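Source file: coords-v3.txt (compact mmCIF, C-alpha atoms and all ligand atoms)
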```txt
# COMPACT_ATOMS: atom_id res chain seq x y z
CA MET A 1 -21.63 -10.63 -18.46
CA LYS A 2 -21.22 -7.40 -16.55
CA ARG A 3 -17.70 -7.00 -15.15
CA VAL A 4 -17.09 -4.91 -12.06
CA TYR A 5 -13.58 -4.38 -10.76
CA LEU A 6 -13.51 -3.76 -7.02
CA ASP A 7 -9.93 -4.79 -6.31
CA HIS A 8 -8.13 -1.46 -6.68
CA SER A 9 -5.97 -2.10 -3.63
CA ALA A 10 -4.42 -5.03 -5.50
CA THR A 11 -3.75 -2.99 -8.60
CA THR A 12 -5.28 -0.32 -10.82
CA PRO A 13 -5.54 0.11 -14.57
CA LEU A 14 -3.17 2.54 -16.23
CA ALA A 15 -4.81 5.97 -16.51
CA PRO A 16 -5.07 7.04 -20.18
CA GLU A 17 -3.16 10.24 -19.33
CA VAL A 18 -0.37 8.13 -17.84
CA PHE A 19 -0.20 5.94 -20.91
CA GLU A 20 -0.01 9.02 -23.13
CA ALA A 21 2.78 10.51 -21.02
CA MET A 22 4.76 7.27 -21.23
CA ARG A 23 4.29 6.62 -24.94
CA LEU A 24 7.19 8.77 -26.15
CA PHE A 25 9.60 7.09 -23.73
CA LEU A 26 8.53 3.62 -24.82
CA THR A 27 9.12 4.46 -28.47
CA GLU A 28 11.34 7.24 -29.87
CA ALA A 29 12.86 8.54 -26.64
CA PHE A 30 14.26 5.18 -25.60
CA GLY A 31 17.71 6.32 -24.50
CA ASN A 32 19.59 5.03 -21.48
CA ALA A 33 19.57 7.79 -18.88
CA SER A 34 23.24 7.04 -18.12
CA SER A 35 24.40 7.65 -21.72
CA ILE A 36 25.99 11.01 -22.35
CA HIS A 37 24.75 11.43 -25.94
CA GLY A 38 21.54 13.18 -26.94
CA PHE A 39 19.32 10.11 -26.55
CA GLY A 40 20.66 9.57 -23.06
CA ARG A 41 20.35 13.22 -22.07
CA GLU A 42 16.74 13.27 -23.24
CA ALA A 43 15.98 10.24 -21.05
CA LYS A 44 17.90 11.68 -18.12
CA ARG A 45 15.98 14.95 -18.37
CA ALA A 46 12.65 13.10 -18.29
CA LEU A 47 13.81 11.00 -15.35
CA GLU A 48 14.91 14.00 -13.32
CA GLU A 49 11.78 15.95 -14.13
CA SER A 50 9.68 12.99 -12.95
CA ARG A 51 11.66 12.80 -9.74
CA GLU A 52 11.16 16.51 -9.15
CA ARG A 53 7.41 16.26 -9.80
CA ILE A 54 6.94 13.38 -7.36
CA ALA A 55 9.11 15.08 -4.75
CA ARG A 56 7.02 18.27 -5.02
CA HIS A 57 3.82 16.37 -4.17
CA ILE A 58 5.24 14.98 -0.95
CA GLY A 59 7.09 18.10 0.15
CA ALA A 60 10.48 16.51 -0.50
CA SER A 61 13.53 17.73 -2.30
CA PHE A 62 14.26 16.08 -5.70
CA ASP A 63 17.38 14.38 -4.34
CA GLU A 64 15.39 12.57 -1.66
CA VAL A 65 13.36 10.46 -4.14
CA TYR A 66 14.93 7.27 -5.51
CA PHE A 67 13.27 5.20 -8.20
CA ASN A 68 13.14 1.41 -7.97
CA SER A 69 10.95 -1.51 -9.07
CA GLY A 70 8.05 -0.99 -6.65
CA GLY A 71 6.76 -1.32 -3.12
CA THR A 72 8.33 -4.68 -2.38
CA GLU A 73 11.82 -3.53 -3.30
CA SER A 74 11.33 -0.29 -1.46
CA ASP A 75 10.25 -2.04 1.76
CA ASN A 76 13.17 -4.46 1.45
CA HIS A 77 15.58 -1.58 0.92
CA ALA A 78 14.22 0.47 3.80
CA LEU A 79 14.49 -2.26 6.40
CA THR A 80 17.65 -3.99 5.23
CA GLY A 81 19.44 -0.80 4.23
CA VAL A 82 18.82 0.99 7.51
CA PHE A 83 19.59 -2.12 9.56
CA LEU A 84 22.91 -2.79 7.80
CA ALA A 85 23.98 0.84 8.10
CA ALA A 86 23.08 0.94 11.80
CA ARG A 87 24.55 -2.44 12.69
CA GLU A 88 28.06 -0.98 12.54
CA SER A 89 27.17 1.31 15.42
CA GLY A 90 25.88 -1.63 17.48
CA LYS A 91 22.16 -0.91 17.13
CA ASN A 92 20.42 -4.10 16.08
CA HIS A 93 16.82 -3.77 17.26
CA VAL A 94 14.07 -3.43 14.64
CA VAL A 95 10.43 -2.71 15.48
CA ILE A 96 7.53 -3.33 13.10
CA SER A 97 3.77 -3.67 13.50
CA ALA A 98 1.86 -6.94 13.23
CA ILE A 99 -0.20 -5.74 10.27
CA GLU A 100 2.60 -4.84 7.89
CA HIS A 101 2.62 -6.03 4.29
CA HIS A 102 4.54 -9.27 3.70
CA ALA A 103 7.34 -7.26 2.08
CA VAL A 104 8.05 -5.76 5.51
CA LEU A 105 7.19 -8.83 7.60
CA GLU A 106 9.38 -11.22 5.60
CA THR A 107 12.25 -8.75 5.40
CA ALA A 108 12.14 -8.19 9.15
CA GLU A 109 12.17 -11.96 9.71
CA HIS A 110 15.16 -12.23 7.39
CA LEU A 111 17.00 -9.54 9.34
CA LYS A 112 16.94 -11.85 12.36
CA SER A 113 19.31 -14.16 10.48
CA LEU A 114 21.63 -11.14 10.06
CA GLY A 115 21.66 -10.53 13.81
CA ALA A 116 18.59 -8.35 14.33
CA ARG A 117 16.42 -8.43 17.42
CA LEU A 118 12.84 -8.01 16.27
CA THR A 119 9.82 -6.67 18.11
CA VAL A 120 6.39 -6.94 16.51
CA LEU A 121 3.89 -4.42 17.89
CA PRO A 122 0.31 -5.54 18.46
CA VAL A 123 -2.72 -3.68 17.13
CA ASP A 124 -6.18 -3.14 18.60
CA ARG A 125 -9.47 -4.43 17.15
CA LEU A 126 -9.56 -1.54 14.67
CA GLY A 127 -6.05 -2.30 13.45
CA ARG A 128 -4.36 0.63 15.18
CA VAL A 129 -0.87 0.27 16.62
CA ALA A 130 -1.00 1.15 20.30
CA LEU A 131 1.21 4.14 21.05
CA ALA A 132 1.98 2.83 24.50
CA ALA A 133 3.28 -0.44 23.05
CA ALA A 134 5.39 1.47 20.54
CA GLY A 135 6.82 3.71 23.25
CA LYS A 136 7.67 0.73 25.42
CA ALA A 137 9.34 -1.20 22.61
CA LEU A 138 11.75 1.52 21.54
CA ASP A 139 15.03 1.25 23.42
CA ALA A 140 18.65 2.33 23.20
CA ASP A 141 19.43 -0.45 20.69
CA THR A 142 16.55 0.32 18.33
CA CYS A 143 17.70 1.47 14.92
CA LEU A 144 14.36 1.47 13.08
CA ILE A 145 10.63 1.40 13.55
CA SER A 146 8.51 0.53 10.53
CA VAL A 147 4.77 1.14 10.67
CA MET A 148 2.69 1.37 7.52
CA HIS A 149 0.81 4.57 6.76
CA ALA A 150 -2.45 2.88 5.72
CA ASN A 151 -3.25 -0.79 5.70
CA ASN A 152 -3.95 -2.54 2.41
CA GLU A 153 -6.49 -5.04 3.79
CA VAL A 154 -8.66 -2.95 6.10
CA GLY A 155 -7.64 0.63 5.24
CA THR A 156 -6.84 1.74 8.81
CA ILE A 157 -4.62 4.81 8.88
CA GLN A 158 -1.90 4.74 11.52
CA ALA A 159 -0.92 7.57 13.84
CA ILE A 160 2.41 8.02 12.08
CA GLU A 161 2.78 11.56 13.44
CA GLU A 162 2.69 10.30 17.03
CA ILE A 163 4.70 7.13 16.40
CA GLY A 164 7.30 9.12 14.47
CA ALA A 165 7.53 11.72 17.22
CA LEU A 166 8.13 8.99 19.82
CA ALA A 167 10.93 7.51 17.72
CA ARG A 168 12.46 10.87 16.87
CA ALA A 169 12.73 11.73 20.55
CA LYS A 170 14.95 8.68 20.95
CA GLY A 171 16.99 9.20 17.78
CA ILE A 172 15.39 6.21 16.04
CA LEU A 173 14.78 6.17 12.29
CA VAL A 174 11.21 5.80 11.04
CA HIS A 175 10.07 3.94 7.92
CA SER A 176 6.52 3.89 6.70
CA ASP A 177 5.09 1.82 3.87
CA ALA A 178 3.00 4.42 2.08
CA VAL A 179 2.14 2.21 -0.90
CA GLN A 180 -1.59 2.42 -0.20
CA SER A 181 -1.68 6.00 1.00
CA LEU A 182 0.24 7.79 -1.76
CA GLY A 183 -2.28 9.65 -3.90
CA LYS A 184 -5.09 8.88 -1.46
CA LEU A 185 -3.91 10.90 1.53
CA PRO A 186 -1.87 14.08 1.60
CA ILE A 187 1.76 13.30 2.43
CA ASP A 188 4.13 16.07 3.42
CA VAL A 189 7.53 15.01 4.69
CA ARG A 190 8.20 18.55 5.95
CA SER A 191 5.79 17.86 8.80
CA LEU A 192 5.56 14.05 8.85
CA PRO A 193 8.21 12.64 11.22
CA VAL A 194 9.49 9.90 8.92
CA ASP A 195 12.89 9.22 7.41
CA VAL A 196 12.04 6.65 4.75
CA LEU A 197 8.80 6.09 2.80
CA SER A 198 7.90 3.39 0.28
CA PHE A 199 5.77 3.98 -2.81
CA SER A 200 4.49 1.99 -5.76
CA ALA A 201 3.01 3.30 -9.03
CA HIS A 202 0.60 0.51 -9.95
CA LYS A 203 -1.66 1.21 -6.98
CA ILE A 204 -2.38 4.70 -8.28
CA TYR A 205 -3.12 4.16 -12.00
CA GLY A 206 0.56 4.13 -12.90
CA PRO A 207 2.55 1.30 -14.49
CA LYS A 208 3.59 -1.89 -12.74
CA GLY A 209 7.25 -2.47 -11.92
CA ILE A 210 8.13 1.05 -10.80
CA GLY A 211 8.13 2.57 -7.36
CA ALA A 212 10.21 4.90 -5.30
CA THR A 213 11.71 5.37 -1.89
CA TYR A 214 11.79 8.70 -0.14
CA ILE A 215 14.99 8.91 1.91
CA ARG A 216 15.38 11.99 4.05
CA LYS A 217 18.69 13.76 3.49
CA GLY A 218 21.36 12.51 5.88
CA THR A 219 19.70 9.12 6.54
CA LYS A 220 22.26 6.33 6.76
CA ILE A 221 21.06 3.51 4.52
CA GLU A 222 22.98 0.88 2.57
CA SER A 223 22.05 0.02 -0.95
CA LEU A 224 20.55 -3.38 -1.78
CA LEU A 225 21.72 -3.62 -5.37
CA ARG A 226 25.29 -3.13 -6.46
CA GLY A 227 26.44 -2.33 -9.95
CA GLY A 228 26.17 1.01 -11.71
CA ALA A 229 26.07 4.40 -10.06
CA GLN A 230 22.42 5.07 -10.91
CA GLU A 231 20.10 6.78 -8.42
CA SER A 232 23.10 8.40 -6.69
CA LYS A 233 24.50 4.90 -6.01
CA ARG A 234 21.48 4.02 -3.90
CA ARG A 235 19.88 1.73 -6.50
CA ALA A 236 22.02 0.25 -9.25
CA GLY A 237 20.41 -0.68 -12.56
CA THR A 238 19.28 1.07 -15.73
CA GLU A 239 16.39 3.34 -14.83
CA ASN A 240 12.86 2.68 -16.04
CA VAL A 241 12.40 6.10 -17.62
CA ALA A 242 8.97 5.50 -19.15
CA GLY A 243 7.87 4.05 -15.80
CA ALA A 244 9.14 7.09 -13.91
CA VAL A 245 7.38 9.45 -16.32
CA GLY A 246 4.15 7.48 -15.90
CA PHE A 247 4.56 7.36 -12.14
CA ALA A 248 4.97 11.15 -11.92
CA ARG A 249 1.90 11.72 -14.09
CA ALA A 250 -0.08 9.25 -11.95
CA VAL A 251 0.88 11.05 -8.73
CA GLU A 252 -0.12 14.40 -10.20
CA LEU A 253 -3.48 13.11 -11.35
CA CYS A 254 -4.28 11.62 -7.95
CA TYR A 255 -3.52 14.81 -6.08
CA THR A 256 -5.35 16.95 -8.63
CA ILE A 257 -8.62 15.11 -8.02
CA LEU A 258 -8.06 14.08 -4.39
CA GLU A 259 -10.45 16.61 -2.87
CA THR A 260 -13.40 15.42 -4.91
CA GLU A 261 -12.43 11.78 -5.38
CA SER A 262 -11.91 11.05 -1.72
CA PRO A 263 -15.45 11.99 -0.56
CA ARG A 264 -16.94 10.40 -3.69
CA LEU A 265 -15.29 7.08 -2.83
CA GLY A 266 -16.25 7.45 0.82
CA ASN A 267 -19.91 7.92 -0.14
CA LEU A 268 -19.85 4.93 -2.48
CA ARG A 269 -18.29 2.80 0.23
CA GLN A 270 -20.96 3.91 2.66
CA GLU A 271 -23.65 3.01 0.16
CA LEU A 272 -22.12 -0.41 -0.46
CA LEU A 273 -21.99 -1.11 3.25
CA ALA A 274 -25.54 0.10 3.83
CA ARG A 275 -26.89 -2.12 1.05
CA ILE A 276 -25.12 -5.20 2.43
CA GLN A 277 -25.97 -4.41 6.06
CA LYS A 278 -29.63 -4.14 5.16
CA GLN A 279 -29.62 -7.86 4.41
CA PHE A 280 -26.95 -8.86 6.91
CA PRO A 281 -27.20 -6.62 9.98
CA ASP A 282 -24.74 -8.89 11.82
CA LEU A 283 -21.95 -8.05 9.36
CA VAL A 284 -18.58 -7.26 10.95
CA VAL A 285 -16.81 -4.24 9.48
CA ASN A 286 -13.02 -4.46 9.70
CA GLY A 287 -10.82 -1.47 10.32
CA ASP A 288 -11.18 1.99 11.75
CA PHE A 289 -14.05 3.29 9.65
CA THR A 290 -13.62 6.82 10.99
CA HIS A 291 -9.96 6.98 10.09
CA SER A 292 -9.32 4.84 7.05
CA LEU A 293 -8.71 4.98 3.33
CA PRO A 294 -12.06 5.93 1.78
CA ASN A 295 -11.94 3.24 -0.89
CA ILE A 296 -11.55 0.08 1.22
CA LEU A 297 -14.43 -1.87 2.72
CA SER A 298 -13.46 -5.10 4.46
CA VAL A 299 -16.30 -7.15 5.92
CA SER A 300 -16.41 -10.45 7.77
CA PHE A 301 -19.07 -12.85 8.94
CA ASP A 302 -18.74 -13.78 12.59
CA SER A 303 -18.05 -17.52 12.72
CA SER A 304 -20.33 -17.94 15.74
CA LEU A 305 -23.27 -16.73 13.64
CA ARG A 306 -22.62 -17.98 10.12
CA LYS A 307 -20.35 -20.57 8.57
CA LEU A 308 -18.90 -19.10 5.40
CA ASP A 309 -15.71 -19.56 3.45
CA GLY A 310 -14.25 -16.36 2.04
CA ASP A 311 -12.83 -18.06 -1.00
CA ALA A 312 -16.19 -19.54 -1.91
CA LEU A 313 -17.55 -15.98 -1.69
CA ILE A 314 -14.79 -14.68 -3.97
CA MET A 315 -15.45 -17.42 -6.53
CA GLY A 316 -19.18 -16.76 -6.40
CA MET A 317 -18.57 -13.05 -6.95
CA ASP A 318 -16.19 -13.83 -9.80
CA LEU A 319 -18.88 -15.95 -11.47
CA ARG A 320 -21.06 -12.84 -11.37
CA GLY A 321 -18.27 -10.75 -12.87
CA VAL A 322 -17.29 -8.93 -9.68
CA ALA A 323 -13.60 -8.91 -8.73
CA VAL A 324 -12.94 -8.71 -4.98
CA THR A 325 -10.42 -10.25 -2.57
CA SER A 326 -10.73 -12.55 0.42
CA GLY A 327 -9.19 -12.32 3.85
CA SER A 328 -6.83 -15.17 3.24
CA ALA A 329 -3.72 -15.75 1.22
CA CYS A 330 -2.22 -18.79 -0.38
CA THR A 331 1.07 -19.41 1.38
CA SER A 332 3.08 -22.53 0.47
CA GLY A 333 0.06 -24.09 -1.16
CA SER A 334 -2.26 -23.81 1.82
CA LEU A 335 -4.86 -21.18 2.53
CA GLN A 336 -3.85 -19.02 5.48
CA ALA A 337 -6.16 -16.61 7.25
CA SER A 338 -4.98 -13.02 6.95
CA HIS A 339 -2.33 -12.10 9.53
CA VAL A 340 -3.87 -8.62 9.63
CA LEU A 341 -7.32 -9.85 10.67
CA LEU A 342 -5.85 -12.33 13.17
CA ALA A 343 -3.73 -9.54 14.70
CA MET A 344 -6.95 -7.50 15.02
CA GLY A 345 -8.43 -10.25 17.16
CA ARG A 346 -10.63 -12.05 14.64
CA ASP A 347 -10.78 -15.81 15.09
CA MET A 348 -9.45 -17.99 12.26
CA GLN A 349 -12.86 -18.84 10.81
CA THR A 350 -14.14 -15.26 10.90
CA ALA A 351 -10.92 -14.05 9.29
CA ARG A 352 -11.44 -16.58 6.51
CA ALA A 353 -15.04 -15.43 6.03
CA THR A 354 -13.85 -12.00 4.89
CA VAL A 355 -14.19 -10.04 1.69
CA ARG A 356 -12.38 -6.83 0.79
CA PHE A 357 -13.97 -4.47 -1.69
CA SER A 358 -11.61 -1.76 -2.92
CA LEU A 359 -13.21 0.97 -4.97
CA GLY A 360 -11.51 3.13 -7.55
CA ARG A 361 -11.70 5.96 -10.03
CA SER A 362 -14.01 4.10 -12.43
CA THR A 363 -16.40 2.82 -9.74
CA THR A 364 -19.99 4.03 -10.22
CA ARG A 365 -23.15 3.92 -8.08
CA GLU A 366 -24.60 1.47 -10.53
CA GLU A 367 -21.63 -0.85 -10.04
CA ILE A 368 -21.98 -0.57 -6.27
CA ALA A 369 -25.64 -1.53 -6.48
CA TYR A 370 -24.80 -4.48 -8.73
CA ALA A 371 -21.92 -5.65 -6.51
CA ALA A 372 -23.99 -5.36 -3.33
CA GLU A 373 -26.83 -7.39 -4.80
CA ALA A 374 -24.43 -10.00 -6.18
CA PHE A 375 -22.71 -10.24 -2.81
CA CYS A 376 -25.90 -10.76 -0.86
CA ASP A 377 -26.99 -13.49 -3.30
CA VAL A 378 -23.61 -15.19 -3.13
CA VAL A 379 -23.55 -15.15 0.67
CA LYS A 380 -26.98 -16.76 0.79
CA SER A 381 -26.09 -19.46 -1.72
CA VAL A 382 -22.70 -20.25 -0.13
CA GLU A 383 -24.32 -20.42 3.29
CA ALA A 384 -27.03 -22.73 1.98
CA ALA A 385 -24.43 -24.97 0.31
CA GLN A 386 -22.32 -25.18 3.48
CA ARG A 387 -25.22 -26.01 5.77
C1 LIG A 401 0.96 -1.92 1.67
C2 LIG A 401 1.72 -2.53 0.54
N1 LIG A 401 3.06 -2.57 0.59
C3 LIG A 401 3.78 -3.09 -0.41
C4 LIG A 401 3.20 -3.64 -1.51
C5 LIG A 401 4.04 -4.22 -2.60
O1 LIG A 401 4.10 -3.33 -3.70
P1 LIG A 401 4.51 -3.85 -5.14
O2 LIG A 401 3.37 -4.63 -5.68
O3 LIG A 401 4.76 -2.58 -5.92
O4 LIG A 401 5.74 -4.65 -4.99
C6 LIG A 401 1.79 -3.65 -1.59
C7 LIG A 401 1.12 -4.28 -2.75
O5 LIG A 401 0.29 -5.15 -2.58
C8 LIG A 401 1.04 -3.08 -0.54
O6 LIG A 401 -0.31 -3.05 -0.57
```
Could you write out this structure as structure tokens?
Ligand SMILES: Cc1ncc(COP(=O)(O)O)c(C=O)c1O
Amino acid sequence: MKRVYLDHSATTPLAPEVFEAMRLFLTEAFGNASSIHGFGREAKRALEESRERIARHIGASFDEVYFNSGGTESDNHALTGVFLAARESGKNHVVISAIEHHAVLETAEHLKSLGARLTVLPVDRLGRVALAAAGKALDADTCLISVMHANNEVGTIQAIEEIGALARAKGILVHSDAVQSLGKLPIDVRSLPVDVLSFSAHKIYGPKGIGATYIRKGTKIESLLRGGAQESKRRAGTENVAGAVGFARAVELCYTILETESPRLGNLRQELLARIQKQFPDLVVNGDFTHSLPNILSVSFDSSLRKLDGDALIMGMDLRGVAVTSGSACTSGSLQASHVLLAMGRDMQTARATVRFSLGRSTTREEIAYAAEAFCDVVKSVEAAQR
């Protein structure tokens, strides 16, 4: 059976160049970067070079990039670390958007038990945080605003420049989850008004289990993990040197091909949408299509027009060898409609009748044609079965 992977926002395969770069550090050069002997120094050198290479691509200084285990840890560190550091000065208000990843949402909820006051900003139907709401929410007690750079479900890119400027004017720190935007959008912290950014390697053809946090010099942030003095005491634990080397190579590759890859993905997405819309003109497209990641296409079926279950669509696609994701998540054993789609004003049933296609480096026109045809067939058969 033909297999088509259209779930690149969930994870990506390791790029062959990344694997090659990592190989040495998974075999002969296995030293602990904290050891002072030759093996350790070799590892340390590779680690610091990787840090420098990632920093260069985001306009940061090498000592503003801290390696960790991935996006979830980075989001946890950003919110908890900034909150704990600010709490001493009496600032306990944290602001996030309603469409954040669970790593931010759950952490923000947890901060309430540590004394935080939490404000969750609404979004409009395209998934954009309203600037007016952000401006109104920020007050004298606010220590942090966290708004993701680009959304993982619908691809909408947020106005971080404006949101950051609003916060900066009030002396409030800004965190942005850039897990989905790193390597897909240019990021330059010299002009972007942010203090903390979260990254993950496995979304950009790097290895799983490694990520990084950008922390602007001078930002007060407590560390989550205690133990050794690694990562300038900001993240204890033996460093994943091979992971860091792979991560740096992955970042470089993404930015090397960005100018051609971005429009290529955008065109493929457009073709996918056009093929599906031809058969289903009433299709709802989620997100801000004019300002979104080029590789994400999230579509729903309006519940007032068609009765469809997203998970039945996913299973049907899987049976045809196409990997995509639905607009719901399994939380505590029950299927929940996506909080992102609900925040964007979709009703529960429409949110559940959603499929996200996320294209990637290996996606071809032929695959898009196959996936579109499979999707249209699956929709018709699921609809017929549910009638
Ligand atoms: C926007 C966003 N933030 C955070 C994460 C978590 O990253 P990781 O899988 O590296 O923990 C993801 C991954 O799904 C994501 O899409």
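The gap separating atom CA of A:Ile314 from atom C6 of ligand LIG 401 (chain A) is 20.1 Å, in Å to one decimal.
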Check: Near A:Ala212, counting only C-alpha atoms, which residues have an atom at most 9 Å away, once you skip same-chain residues fewer than 5 positions from it, shown as a VMD selection string?
Finding: chain A and resid 65 to 71 73 to 74 197 to 201 244
Write out, as a Markdown table, each residue of chain A that has an atom at most 7 Å from ligand LIG 401 (chain A), together with the closest pair of atoms and their distance in Å to one decimal, counting only C-alpha atoms and all ligand atoms, rows going by chain and rising number.
```
| residue | atom | partner | partner_atom | distance |
| --- | --- | --- | --- | --- |
| A:Ser9 | CA | A:LIG401 | O6 | 6.5 |
| A:Ala10 | CA | A:LIG401 | O5 | 5.5 |
| A:Gly70 | CA | A:LIG401 | O3 | 3.7 |
| A:Gly71 | CA | A:LIG401 | O1 | 3.4 |
| A:Thr72 | CA | A:LIG401 | O4 | 3.7 |
| A:Glu73 | CA | A:LIG401 | O4 | 6.4 |
| A:Asp75 | CA | A:LIG401 | C3 | 6.9 |
| A:His101 | CA | A:LIG401 | N1 | 5.1 |
| A:Ala103 | CA | A:LIG401 | C3 | 6.0 |
| A:Met148 | CA | A:LIG401 | C1 | 6.9 |
| A:Asn151 | CA | A:LIG401 | C1 | 5.9 |
| A:Asn152 | CA | A:LIG401 | O6 | 4.7 |
| A:Asp177 | CA | A:LIG401 | N1 | 5.8 |
| A:Ala178 | CA | A:LIG401 | C1 | 6.7 |
| A:Val179 | CA | A:LIG401 | C2 | 5.0 |
| A:Gln180 | CA | A:LIG401 | C1 | 5.4 |
| A:Ser200 | CA | A:LIG401 | O3 | 4.6 |
| A:Ala201 | CA | A:LIG401 | O3 | 6.9 |
| A:His202 | CA | A:LIG401 | O3 | 6.6 |
| A:Lys208 | CA | A:LIG401 | O3 | 7.0 |
| A:Gly209 | CA | A:LIG401 | O3 | 6.5 |
| A:Ile210 | CA | A:LIG401 | O3 | 7.0 |
| A:Gly211 | CA | A:LIG401 | O3 | 6.3 |
```
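Summary of the local environment: counting only C-alpha atoms, residues at most 12 Å from A:Glu17, other than itself and those fewer than 2 positions away along its chain, are Pro13, Leu14, Ala15, Phe19, Glu20, Ala21, Met22, Arg23, Tyr205, Gly206, Pro207, Val245, Gly246, Phe247, Ala248, Arg249, Ala250, Val251, Glu252, Leu253 and Cys254 of chain A.
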Next item on the list: Skip stretch 276-285 of chain A itself and residues of its chain fewer than 4 positions away, then list as a ChimeraX atom specification all residues within 7 Å of it, counting all atoms listed in the file.
Entry: /A:272,298-302,372,376
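As for atom CA of A:Ala130 and atom CA of A:Ala98, they are spaced 11.1 Å apart.
Among the candidates A:Val322, A:Ala55, A:Ala343, A:Ile215, the residue lying nearest to A:Thr363 is A:Val322 (atoms considered: all atoms listed in the file).
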Selection near A:Val378, 7 Å with all atoms listed in the file, sequence-local residues under 5 positions removed, as a PDB file with C-alpha atoms, keeping the file's coordinate frame:
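Below is the file that was written, selection.pdb:
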```pdb
ATOM      1  CA  LEU A 313     -17.550 -15.980  -1.690  1.00  0.00           C
ATOM      2  CA  GLY A 316     -19.180 -16.760  -6.400  1.00  0.00           C
ATOM      3  CA  MET A 317     -18.570 -13.050  -6.950  1.00  0.00           C
TER       4      MET A 317
END
```
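Among the candidate residues A:Gly183, A:Pro16, A:Gly155, A:Gly127, the one lying nearest to A:Ile296 is A:Gly155, with distances computed using only C-alpha atoms.
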Write out as a PDB file with C-alpha atoms, in the coordinates of the input each polymer residue whose atoms come within 12 Å of A:Gly266, counting only C-alpha atoms; drop sequence neighbours fewer than 6 positions from it.
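result.pdb, written as the output of this step:
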```pdb
ATOM      1  CA  GLY A 155      -7.640   0.630   5.240  1.00  0.00           C
ATOM      2  CA  LYS A 184      -5.090   8.880  -1.460  1.00  0.00           C
ATOM      3  CA  LEU A 258      -8.060  14.080  -4.390  1.00  0.00           C
ATOM      4  CA  GLU A 259     -10.450  16.610  -2.870  1.00  0.00           C
ATOM      5  CA  THR A 260     -13.400  15.420  -4.910  1.00  0.00           C
ATOM      6  CA  LEU A 272     -22.120  -0.410  -0.460  1.00  0.00           C
ATOM      7  CA  LEU A 273     -21.990  -1.110   3.250  1.00  0.00           C
ATOM      8  CA  PHE A 289     -14.050   3.290   9.650  1.00  0.00           C
ATOM      9  CA  THR A 290     -13.620   6.820  10.990  1.00  0.00           C
ATOM     10  CA  HIS A 291      -9.960   6.980  10.090  1.00  0.00           C
ATOM     11  CA  SER A 292      -9.320   4.840   7.050  1.00  0.00           C
ATOM     12  CA  LEU A 293      -8.710   4.980   3.330  1.00  0.00           C
ATOM     13  CA  PRO A 294     -12.060   5.930   1.780  1.00  0.00           C
ATOM     14  CA  ASN A 295     -11.940   3.240  -0.890  1.00  0.00           C
ATOM     15  CA  ILE A 296     -11.550   0.080   1.220  1.00  0.00           C
ATOM     16  CA  LEU A 297     -14.430  -1.870   2.720  1.00  0.00           C
ATOM     17  CA  SER A 358     -11.610  -1.760  -2.920  1.00  0.00           C
ATOM     18  CA  LEU A 359     -13.210   0.970  -4.970  1.00  0.00           C
ATOM     19  CA  GLY A 360     -11.510   3.130  -7.550  1.00  0.00           C
ATOM     20  CA  ARG A 361     -11.700   5.960 -10.030  1.00  0.00           C
ATOM     21  CA  THR A 363     -16.400   2.820  -9.740  1.00  0.00           C
ATOM     22  CA  ARG A 365     -23.150   3.920  -8.080  1.00  0.00           C
TER      23      ARG A 365
END
```
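A straight line drawn from atom CA of A:Leu341 to atom CA of A:Asn286 is 7.9 Å long.
With distances restricted to all atoms listed in the file, A:Val241 is the closest residue to A:Arg41 from A:Pro263, A:Pro193, A:Val340, A:Val241.
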